[in-house]
Amino acid sequence: MKKPVKMKKTTPKKTTLKKTASSKAPRVKAGQPRGARGKAAPSYDPQWLLGLYRKMVLIREFEDRVKFLFLEGVMPGTIHQYQGQEACGVGVCAALRPDDVITSTHRPHGHCIAKGLDVHSAMAELFGKVTGCCKGKGGSMHMGDLSKGIVPAVAIVGGGLPIATGMALAFKMRNEKRVAVAFMGDGASNEGTFHESLNMASIWDLPAVYVVENNLYGASTPVKMVVKAEHISDRACAYRIPGVTVDGNDLLAVYEAAREAVERARQGKGPTLLELVTYRITGHSRRDPCLYQPEDERKRALANEPIGRFAKHLLAKGMAEPKDLDAIRESVKAEIETAVKMAMSDPDPKPEDTMEDMFV
Amino acid sequence: MSTRRLGIAEALREAIAEEMRRDKRVFCIGEDIGIPGGWGGAFTVTLGLEKEFADRLVNTPISEAGLMGAALGAAMMGMRPIADVQYADFLFCAMDQVANQVAKMRYMSGGKLTVPMVMRAPVGVTGRGAQHAQMMEPYFLPLPGIKIVAPSTAYDAKGLLKAAVRDGNPVLIFEHKLLYGSKGPRTETGSVDASSDIPDGDYTVPIGKGVVRREGTDVTIIATLLMAHRAMEAAGILEKEGISAEVIDPRSLVPFDWDLVKGSVAKTGRVVTVEESPKRGGLGGEIAATLAEEMLDYLVAPVKRIAAPNTPAPFSPPMEKFYVPDANRIAQGVRELIAIS
């Protein structure tokens with residue numbers, strides 16, 4: 001995992017996607033990242049980069065705190081966590097506008113926070129409280145809030161892809177310049193809905209981006225056992241759409257690839273299959289000791305995890321001092337603690353609330 | 001008010017066209033639905049609509065899960081899709097999208113979003129064997145989160161489809177192949193006339209309201225779709241024998257018009273349910289259980305269920321005839337009830 005994963009293009013048409021941007025001339029000058037326009041921007045705004053860094057740390061601290069609460073037996077249910085994959089969600093969502101939409105998976109906490117869900121609303125949902133983003137009716141695997149552009153997460157592998165495709169269809173029919181992103185794991189690329197969705201999006205040139213976070217394992221099954229293709233993005237050629245593989249632990253590489261794909265979608269040029277190669281440094285679900293991950297592979301993965309890598313980048317470029325990053329982590333921890341305290345003291349739903357939000 | 005005599009396929013076509021004219025958010029999505037020179041869906045319901053609504057007849061690949069999920073996504077973004085699966089049997093291909101996504105999305109969101117979509121699905125045991133001719137209602141009855149309607153007349157078909165489009169929640173409409181009245185090359189052998197005088201102008205039929213097709217005092221026969229027509233025939237036979245049968249067509253399966261059924265049972269004390277699908281796990285069992293729980297004092301005889309056997313739909317005509325309840329079987333069931341009570 002140390003060396004960056006080679007980018008591979010499978011589109012028959014030429015695309016202009018650049019190699020990882022973190023070591024190249026930054027492109028955006030200030031404030032918001034550039035979604036739809038502009039290639040000329042001279043540099044990334046340091047404050048914006050620190051914002052992305054903070055978001056990754058927010059997800060990591062959220063997940064670590066949730067794991068602790070869970071193992072303590074304080075938190076109900078089951079969890080699938082995102083530690084190690086933060087650059088994927090944060091990098092992709094940094095390329096989106098607030099009115100763009102995403103579908104997520106059984107592992108949704110990172111996507112939700114990256115797209116703008118506040119941590120209290122997320123934490124309260126995990127505790128099953130009425131203040132949760134789904135009023136306790138969703139739980140970990142259905143976390144979401146459509147007002148933030150997050151469809152309640154679809155926990156059936158591959159189930160979100162047709163939905164994202166349909167959202168993109170609605171945008172196209174109404175001529176709205178919005179984009180739908182379907183997040184999925186490597187496992188989803190073996191589902192029938194993957195084929196049905198990419199095919200429809202391709203023939204209709206829909207404003208959709210299909211993002212595969214390839215963390216190398218479907219639960220405990222190594223991806224190489226179940227995928228013959230060298231890259232999952234190779235499958236894009238079957239749909240005559242761009243297929244791109246980038247290092248999913250390189251935040252700015254993810255951002256640049258996503259920006260390109262989102263821009264292409266927004267301009268009406270159709271969908272992209274974007275594969276982000278990453279690694280899950282936590283278990284598949286609760287209490288998974290990851291015995292199927294070889295020790296040396298885990299070691300390399302930990303050394304390659306995205307937050308530490310991005311911190312090094314920020315320090316090397318002189319965009320932050322160690323104390324700045326420490327301050328970010330402290331402020332994140334405080335935010336999480338506040339969210340936990342609030343969520344734990346928030347009211348439970350009444351048992352009979354079960355009957356609400358139904359219509360038949 | 002003037003009227004026109006239309007079959008179910010024509011009435012549904014009119015309903016779709018009128019709803020698309022009324023509301024730009026309404027669109028059709030499905031296989032073979034809007035190909036010039038094509039069939040207008042498997043049973044001509046959307047025939048010719050592409051001329052007026054070229055952009056709103058979305059012809060999909062053969063991708064049932066994909067198109068149902070796409071309809072869901074579009075609905076959540078504020079569109080009003082009418083999704084069509086050609087044959088209801090193919091709903092199994094889309095079952096995750098329908099049962100896990102469409103039905104549950106509003107609930108999982110804590111009621112923060114709605115899914116205003118219609119699913120159209122042709123049913124009916126009609127000479128096609130096990131995979132293109134089964135009744136699908138029993139698979140969906142227990143599923144919270146989807147309304148289900150099943151019109152047996154053209155009037156109800158038009159009114160229920162319009163109500164479904166405007167409902168704001170997922171509505172599944174089962175249409176019967178022998179009742180469509182499809183014309184031309186898509187004419188169905190063994191068709192039954194389900195045409196109605198359709199009034200000019202807008203109307204809807206409320207979802208969840210059944211109708212008494214024929215009043216009677218001795219027994220209540222409950223049947224939908226083709227079986228509602230067979231039940232009417234049976235009532236005619238029984239009348240000649242001095243038995244007065246009340247025929248109820250629930251029209252909606254979910255929600256179900258319990259008030260109408262209970263009111264009738266309070267009057268007759270006897271109930272026969274009729275289903276074209278296997279008896280095991282069907283609507284008749286649900287009706288019988290509910291009446292046993294809530295109306296036992298009124299029943300003078302056990303609830304009688306007339307249904308298909310617990311087999312796949314067979315192909316060969318003699319076996320198919322054995323499989324599908326007809327007027328004589330319904331009448332015989334009523335006679336048996338009368339005999340013991």
# chains A, B, ... in the order shown; residues from 1 in each chain; ligands from 1
$ closest_atom_pairs --of "chain B" --to "chain A" --cutoff "10 Å" --atoms "only C-alpha atoms" --output "tab-separated table"
residue	atom	partner	partner_atom	distance
B:Lys24	CA	A:Arg174	CA	9.5
B:Arg25	CA	A:Arg174	CA	8.8
B:Phe27	CA	A:Met173	CA	9.7
B:Asp55	CA	A:Met173	CA	7.8
B:Arg56	CA	A:Met173	CA	8.2
B:Val58	CA	A:Leu169	CA	9.7
B:Thr60	CA	A:Met200	CA	7.3
B:Pro61	CA	A:Met200	CA	7.2
B:Ile62	CA	A:Glu196	CA	8.4
B:Ser63	CA	A:Glu196	CA	5.8
B:Glu64	CA	A:Glu196	CA	8.5
B:Ala65	CA	A:Thr193	CA	6.7
B:Gly66	CA	A:Pro162	CA	4.9
B:Leu67	CA	A:Pro162	CA	7.1
B:Met68	CA	A:Pro162	CA	7.7
B:Gly69	CA	A:Pro162	CA	4.5
B:Ala70	CA	A:Gly166	CA	3.4
B:Ala71	CA	A:Gly166	CA	5.8
B:Leu72	CA	A:Ile163	CA	6.0
B:Gly73	CA	A:Ile163	CA	4.2
B:Ala74	CA	A:Met167	CA	4.7
B:Ala75	CA	A:Met167	CA	7.9
B:Met76	CA	A:Met167	CA	7.4
B:Met77	CA	A:Met167	CA	6.1
B:Gly78	CA	A:Ala170	CA	8.0
B:Met79	CA	A:Ala170	CA	6.7
B:Arg80	CA	A:Ala170	CA	9.8
B:Pro81	CA	A:Ala170	CA	9.7
B:Ala94	CA	A:Thr193	CA	9.6
B:Asp96	CA	A:Gly159	CA	7.4
B:Gln97	CA	A:Gly159	CA	6.9
B:Asn100	CA	A:Ile156	CA	8.2
B:Gln101	CA	A:Val154	CA	7.5
B:Val102	CA	A:Ile163	CA	9.6
B:Lys104	CA	A:Met358	CA	9.4
B:Met105	CA	A:Pro152	CA	7.1
B:Arg106	CA	A:Asp357	CA	7.2
B:Tyr107	CA	A:Asp357	CA	5.6
B:Met108	CA	A:Gly138	CA	4.6
B:Ser109	CA	A:Cys134	CA	4.7
B:Gly110	CA	A:Cys134	CA	4.3
B:Gly111	CA	A:Asp357	CA	4.7
B:Lys112	CA	A:Cys134	CA	7.6
B:Leu113	CA	A:Leu146	CA	7.1
B:Thr114	CA	A:Asp357	CA	9.8
B:Leu143	CA	A:Val360	CA	9.5
B:Pro144	CA	A:Val360	CA	6.5
B:Gly145	CA	A:Val360	CA	5.9
B:Ile146	CA	A:Val360	CA	6.8
B:Lys147	CA	A:Val360	CA	6.4
B:Ile148	CA	A:Val360	CA	9.6
B:Gly168	CA	A:Phe359	CA	9.9
B:Asn169	CA	A:Phe359	CA	7.8
B:Pro170	CA	A:Phe359	CA	9.8
B:Gly208	CA	A:Val360	CA	9.7
B:Val254	CA	A:Val360	CA	6.9
B:Pro255	CA	A:Val360	CA	6.1
B:Phe256	CA	A:Val360	CA	9.6
$ write_last_selection --atoms "C-alpha atoms" --output "mmCIF file, in the first residue's frame"
data_model
loop_
_atom_site.group_PDB
_atom_site.id
_atom_site.type_symbol
_atom_site.label_atom_id
_atom_site.label_comp_id
_atom_site.auth_asym_id
_atom_site.auth_seq_id
_atom_site.Cartn_x
_atom_site.Cartn_y
_atom_site.Cartn_z
ATOM 1 C CA LYS B 24 -45.047 17.957 -15.450
ATOM 2 C CA ARG B 25 -43.428 15.812 -12.752
ATOM 3 C CA PHE B 27 -43.410 10.395 -16.218
ATOM 4 C CA ASP B 55 -39.439 13.191 -23.115
ATOM 5 C CA ARG B 56 -41.549 11.560 -20.452
ATOM 6 C CA VAL B 58 -38.388 6.659 -20.455
ATOM 7 C CA THR B 60 -35.322 1.328 -20.125
ATOM 8 C CA PRO B 61 -33.093 -1.632 -20.823
ATOM 9 C CA ILE B 62 -34.357 -4.963 -19.467
ATOM 10 C CA SER B 63 -33.378 -3.969 -15.948
ATOM 11 C CA GLU B 64 -36.227 -4.357 -13.493
ATOM 12 C CA ALA B 65 -34.212 -3.654 -10.358
ATOM 13 C CA GLY B 66 -32.554 -0.753 -12.114
ATOM 14 C CA LEU B 67 -35.754 0.854 -13.314
ATOM 15 C CA MET B 68 -37.590 0.438 -10.001
ATOM 16 C CA GLY B 69 -34.648 1.929 -8.134
ATOM 17 C CA ALA B 70 -34.406 4.716 -10.680
ATOM 18 C CA ALA B 71 -38.082 5.482 -10.195
ATOM 19 C CA LEU B 72 -37.475 5.624 -6.450
ATOM 20 C CA GLY B 73 -34.532 7.982 -6.843
ATOM 21 C CA ALA B 74 -36.494 10.245 -9.172
ATOM 22 C CA ALA B 75 -39.475 10.200 -6.815
ATOM 23 C CA MET B 76 -37.324 11.279 -3.879
ATOM 24 C CA MET B 77 -36.110 14.167 -6.027
ATOM 25 C CA GLY B 78 -39.699 15.302 -6.515
ATOM 26 C CA MET B 79 -40.716 13.551 -9.716
ATOM 27 C CA ARG B 80 -43.853 11.367 -9.970
ATOM 28 C CA PRO B 81 -42.773 8.233 -11.807
ATOM 29 C CA ALA B 94 -36.774 -5.940 -8.572
ATOM 30 C CA ASP B 96 -34.876 -5.642 -3.213
ATOM 31 C CA GLN B 97 -35.674 -2.260 -4.681
ATOM 32 C CA ASN B 100 -36.282 -2.946 0.911
ATOM 33 C CA GLN B 101 -35.938 0.460 -0.698
ATOM 34 C CA VAL B 102 -39.239 1.780 -2.058
ATOM 35 C CA LYS B 104 -39.033 1.443 3.632
ATOM 36 C CA MET B 105 -37.319 4.653 2.588
ATOM 37 C CA ARG B 106 -39.847 7.021 4.127
ATOM 38 C CA TYR B 107 -39.930 5.099 7.386
ATOM 39 C CA MET B 108 -36.144 4.731 7.655
ATOM 40 C CA SER B 109 -35.818 8.481 7.146
ATOM 41 C CA GLY B 110 -37.984 9.117 10.180
ATOM 42 C CA GLY B 111 -40.701 10.452 7.910
ATOM 43 C CA LYS B 112 -38.481 13.198 6.536
ATOM 44 C CA LEU B 113 -38.930 12.239 2.903
ATOM 45 C CA THR B 114 -41.694 10.837 0.749
ATOM 46 C CA LEU B 143 -45.236 -5.593 3.326
ATOM 47 C CA PRO B 144 -45.600 -2.322 5.249
ATOM 48 C CA GLY B 145 -45.019 0.748 3.142
ATOM 49 C CA ILE B 146 -46.771 0.058 -0.148
ATOM 50 C CA LYS B 147 -50.407 0.665 -0.996
ATOM 51 C CA ILE B 148 -51.935 -1.928 -3.296
ATOM 52 C CA GLY B 168 -47.634 10.885 -2.523
ATOM 53 C CA ASN B 169 -46.652 7.388 -1.381
ATOM 54 C CA PRO B 170 -45.737 4.197 -3.227
ATOM 55 C CA GLY B 208 -58.828 2.051 0.444
ATOM 56 C CA VAL B 254 -53.804 -2.243 1.206
ATOM 57 C CA PRO B 255 -55.344 -0.384 2.918
ATOM 58 C CA PHE B 256 -58.322 -2.711 3.039
#
$ atom_distance --atom1 "atom CA of Phe68 of chain A" --atom2 "atom CA of Gln293 of chain A"
21.7 Å
$ closest_residue --among "B:Ala157, B:Val192, B:Met135, B:Leu12" --to "Gly40 of chain B" --atoms "only C-alpha atoms"
B:Leu12
$ select_by_dssp --residues "segment 213-280 of chain B" --states "alpha helix (DSSP H)" --output "VMD selection string"
chain B and resid 225 to 240 258 to 268
$ residues_around --residues "Gly38 of chain B" --least-positions-apart "2" --cutoff "12 Å" --atoms "only C-alpha atoms" --output "list in words"
Glu31, Asp32, Ile33, Gly34, Ile35, Pro36, Gly40, Gly41, Ala42, Phe43, Thr44, Val45, Thr46, Leu47, Gly48, Leu49, Glu50, Asn59, Pro185 and Arg186 of chain B
$ residues_around --residues "Asp297 of chain B" --least-positions-apart "6" --cutoff "10 Å" --atoms "only C-alpha atoms" --output "list in words"
Ala266, Gly269 and Leu291 of chain B
$ write_last_selection --atoms "C-alpha atoms" --output "PDB file, in the first residue's frame"
ATOM      1  CA  ALA B 266     -72.999  -8.263  10.037  1.00  0.00           C
ATOM      2  CA  GLY B 269     -73.260 -13.878   8.565  1.00  0.00           C
ATOM      3  CA  LEU B 291     -63.250 -11.827  10.985  1.00  0.00           C
TER       4      LEU B 291
END
$ residues_around --residues "segment 272-276 of chain A" --least-positions-apart "3" --cutoff "7 Å" --atoms "only C-alpha atoms" --output "PyMOL selection string"
chain A and resi 88+209-214+232-233+236+241-248+261
$ write_last_selection --atoms "C-alpha atoms" --output "compact mmCIF listing (two decimals), in the first residue's frame"
# COMPACT_ATOMS: atom_id res chain seq x y z
CA CYS A 88 -12.57 8.83 0.02
CA VAL A 209 -20.61 9.39 -10.45
CA TYR A 210 -20.17 5.82 -9.24
CA VAL A 211 -17.55 5.71 -6.53
CA VAL A 212 -16.08 2.35 -5.58
CA GLU A 213 -14.14 2.43 -2.35
CA ASN A 214 -12.02 -0.63 -2.86
CA ILE A 232 -12.59 -2.54 -10.82
CA SER A 233 -12.57 0.58 -12.95
CA ALA A 236 -16.19 0.98 -17.19
CA ILE A 241 -17.61 5.63 -19.82
CA PRO A 242 -14.43 6.81 -18.12
CA GLY A 243 -13.06 4.40 -15.54
CA VAL A 244 -10.45 5.80 -13.21
CA THR A 245 -8.47 4.26 -10.37
CA VAL A 246 -6.71 6.49 -7.91
CA ASP A 247 -5.03 6.16 -4.55
CA GLY A 248 -7.95 6.48 -2.20
CA ALA A 261 -15.89 13.30 -12.74
$ atom_distance --atom1 "atom CA of Ile307 of chain A" --atom2 "atom CA of Tyr292 of chain A"
24.0 Å
$ residues_around --residues "Pro122 of chain B" --least-positions-apart "6" --cutoff "7 Å" --atoms "only C-alpha atoms" --output "compact mmCIF listing (two decimals) with N, CA and C atoms, in the first residue's frame"
# COMPACT_ATOMS: atom_id res chain seq x y z
N GLN B 86 -43.95 -4.77 -17.19
CA GLN B 86 -44.42 -5.69 -18.23
C GLN B 86 -45.28 -6.82 -17.67
N TYR B 87 -44.69 -7.67 -16.86
CA TYR B 87 -45.44 -8.74 -16.19
C TYR B 87 -45.13 -8.67 -14.71
N ALA B 88 -46.16 -8.79 -13.89
CA ALA B 88 -45.94 -8.67 -12.44
C ALA B 88 -44.93 -9.68 -11.93
N PHE B 174 -52.10 -3.63 -9.45
CA PHE B 174 -52.18 -4.89 -10.17
C PHE B 174 -53.29 -4.80 -11.21
N GLU B 175 -52.92 -5.07 -12.45
CA GLU B 175 -53.88 -5.01 -13.55
C GLU B 175 -54.00 -6.42 -14.11
N HIS B 176 -55.23 -6.81 -14.50
CA HIS B 176 -55.42 -8.20 -14.94
C HIS B 176 -55.41 -8.28 -16.47
N LYS B 177 -54.62 -9.22 -16.96
CA LYS B 177 -54.43 -9.35 -18.41
C LYS B 177 -55.74 -9.66 -19.14
$ atom_distance --atom1 "atom CA of Gly236 of chain B" --atom2 "atom CA of Glu215 of chain B"
11.6 Å
$ residues_around --residues "Thr311 of chain B" --least-positions-apart "5" --cutoff "12 Å" --atoms "only C-alpha atoms" --output "PDB file with N, CA and C atoms, in the first residue's frame"
ATOM      1  N   GLY B 129     -48.120 -20.164 -18.368  1.00  0.00           N
ATOM      2  CA  GLY B 129     -47.372 -21.003 -17.446  1.00  0.00           C
ATOM      3  C   GLY B 129     -46.923 -20.264 -16.201  1.00  0.00           C
ATOM      4  N   ALA B 130     -45.851 -20.786 -15.620  1.00  0.00           N
ATOM      5  CA  ALA B 130     -45.533 -20.461 -14.231  1.00  0.00           C
ATOM      6  C   ALA B 130     -44.860 -19.107 -14.021  1.00  0.00           C
ATOM      7  N   GLN B 134     -48.647 -15.529 -13.053  1.00  0.00           N
ATOM      8  CA  GLN B 134     -49.034 -15.798 -11.679  1.00  0.00           C
ATOM      9  C   GLN B 134     -49.616 -14.542 -11.046  1.00  0.00           C
ATOM     10  N   MET B 135     -50.374 -14.775 -10.004  1.00  0.00           N
ATOM     11  CA  MET B 135     -50.882 -13.673  -9.206  1.00  0.00           C
ATOM     12  C   MET B 135     -49.809 -13.320  -8.180  1.00  0.00           C
ATOM     13  N   GLU B 276     -57.423 -15.983  -7.122  1.00  0.00           N
ATOM     14  CA  GLU B 276     -56.846 -16.681  -8.269  1.00  0.00           C
ATOM     15  C   GLU B 276     -55.468 -17.237  -7.916  1.00  0.00           C
ATOM     16  N   SER B 277     -54.993 -16.892  -6.731  1.00  0.00           N
ATOM     17  CA  SER B 277     -53.669 -17.340  -6.287  1.00  0.00           C
ATOM     18  C   SER B 277     -53.835 -18.467  -5.274  1.00  0.00           C
ATOM     19  N   PRO B 278     -52.730 -19.165  -4.945  1.00  0.00           N
ATOM     20  CA  PRO B 278     -52.815 -20.257  -3.988  1.00  0.00           C
ATOM     21  C   PRO B 278     -53.416 -19.825  -2.659  1.00  0.00           C
ATOM     22  N   LYS B 279     -54.102 -20.767  -2.047  1.00  0.00           N
ATOM     23  CA  LYS B 279     -54.808 -20.480  -0.795  1.00  0.00           C
ATOM     24  C   LYS B 279     -53.828 -20.120   0.316  1.00  0.00           C
ATOM     25  N   ARG B 280     -52.678 -20.809   0.327  1.00  0.00           N
ATOM     26  CA  ARG B 280     -51.722 -20.626   1.437  1.00  0.00           C
ATOM     27  C   ARG B 280     -51.178 -19.191   1.478  1.00  0.00           C
ATOM     28  N   MET B 319     -55.406 -28.106 -17.177  1.00  0.00           N
ATOM     29  CA  MET B 319     -54.881 -27.889 -15.829  1.00  0.00           C
ATOM     30  C   MET B 319     -55.121 -26.443 -15.390  1.00  0.00           C
ATOM     31  N   GLU B 320     -54.983 -25.516 -16.324  1.00  0.00           N
ATOM     32  CA  GLU B 320     -55.219 -24.117 -15.971  1.00  0.00           C
ATOM     33  C   GLU B 320     -56.670 -23.911 -15.536  1.00  0.00           C
ATOM     34  N   PHE B 322     -58.520 -26.108 -14.161  1.00  0.00           N
ATOM     35  CA  PHE B 322     -58.613 -26.702 -12.827  1.00  0.00           C
ATOM     36  C   PHE B 322     -58.084 -25.732 -11.767  1.00  0.00           C
ATOM     37  N   TYR B 323     -57.055 -24.979 -12.161  1.00  0.00           N
ATOM     38  CA  TYR B 323     -56.332 -24.121 -11.216  1.00  0.00           C
ATOM     39  C   TYR B 323     -57.149 -22.881 -10.838  1.00  0.00           C
ATOM     40  N   VAL B 324     -57.747 -22.247 -11.834  1.00  0.00           N
ATOM     41  CA  VAL B 324     -58.402 -20.947 -11.595  1.00  0.00           C
ATOM     42  C   VAL B 324     -59.858 -21.149 -11.171  1.00  0.00           C
TER      43      VAL B 324
END
$ closest_residue --among "B:Val265, B:Met20, B:Ala15, B:Ile222" --to "Val300 of chain B" --atoms "only C-alpha atoms"
B:Val265
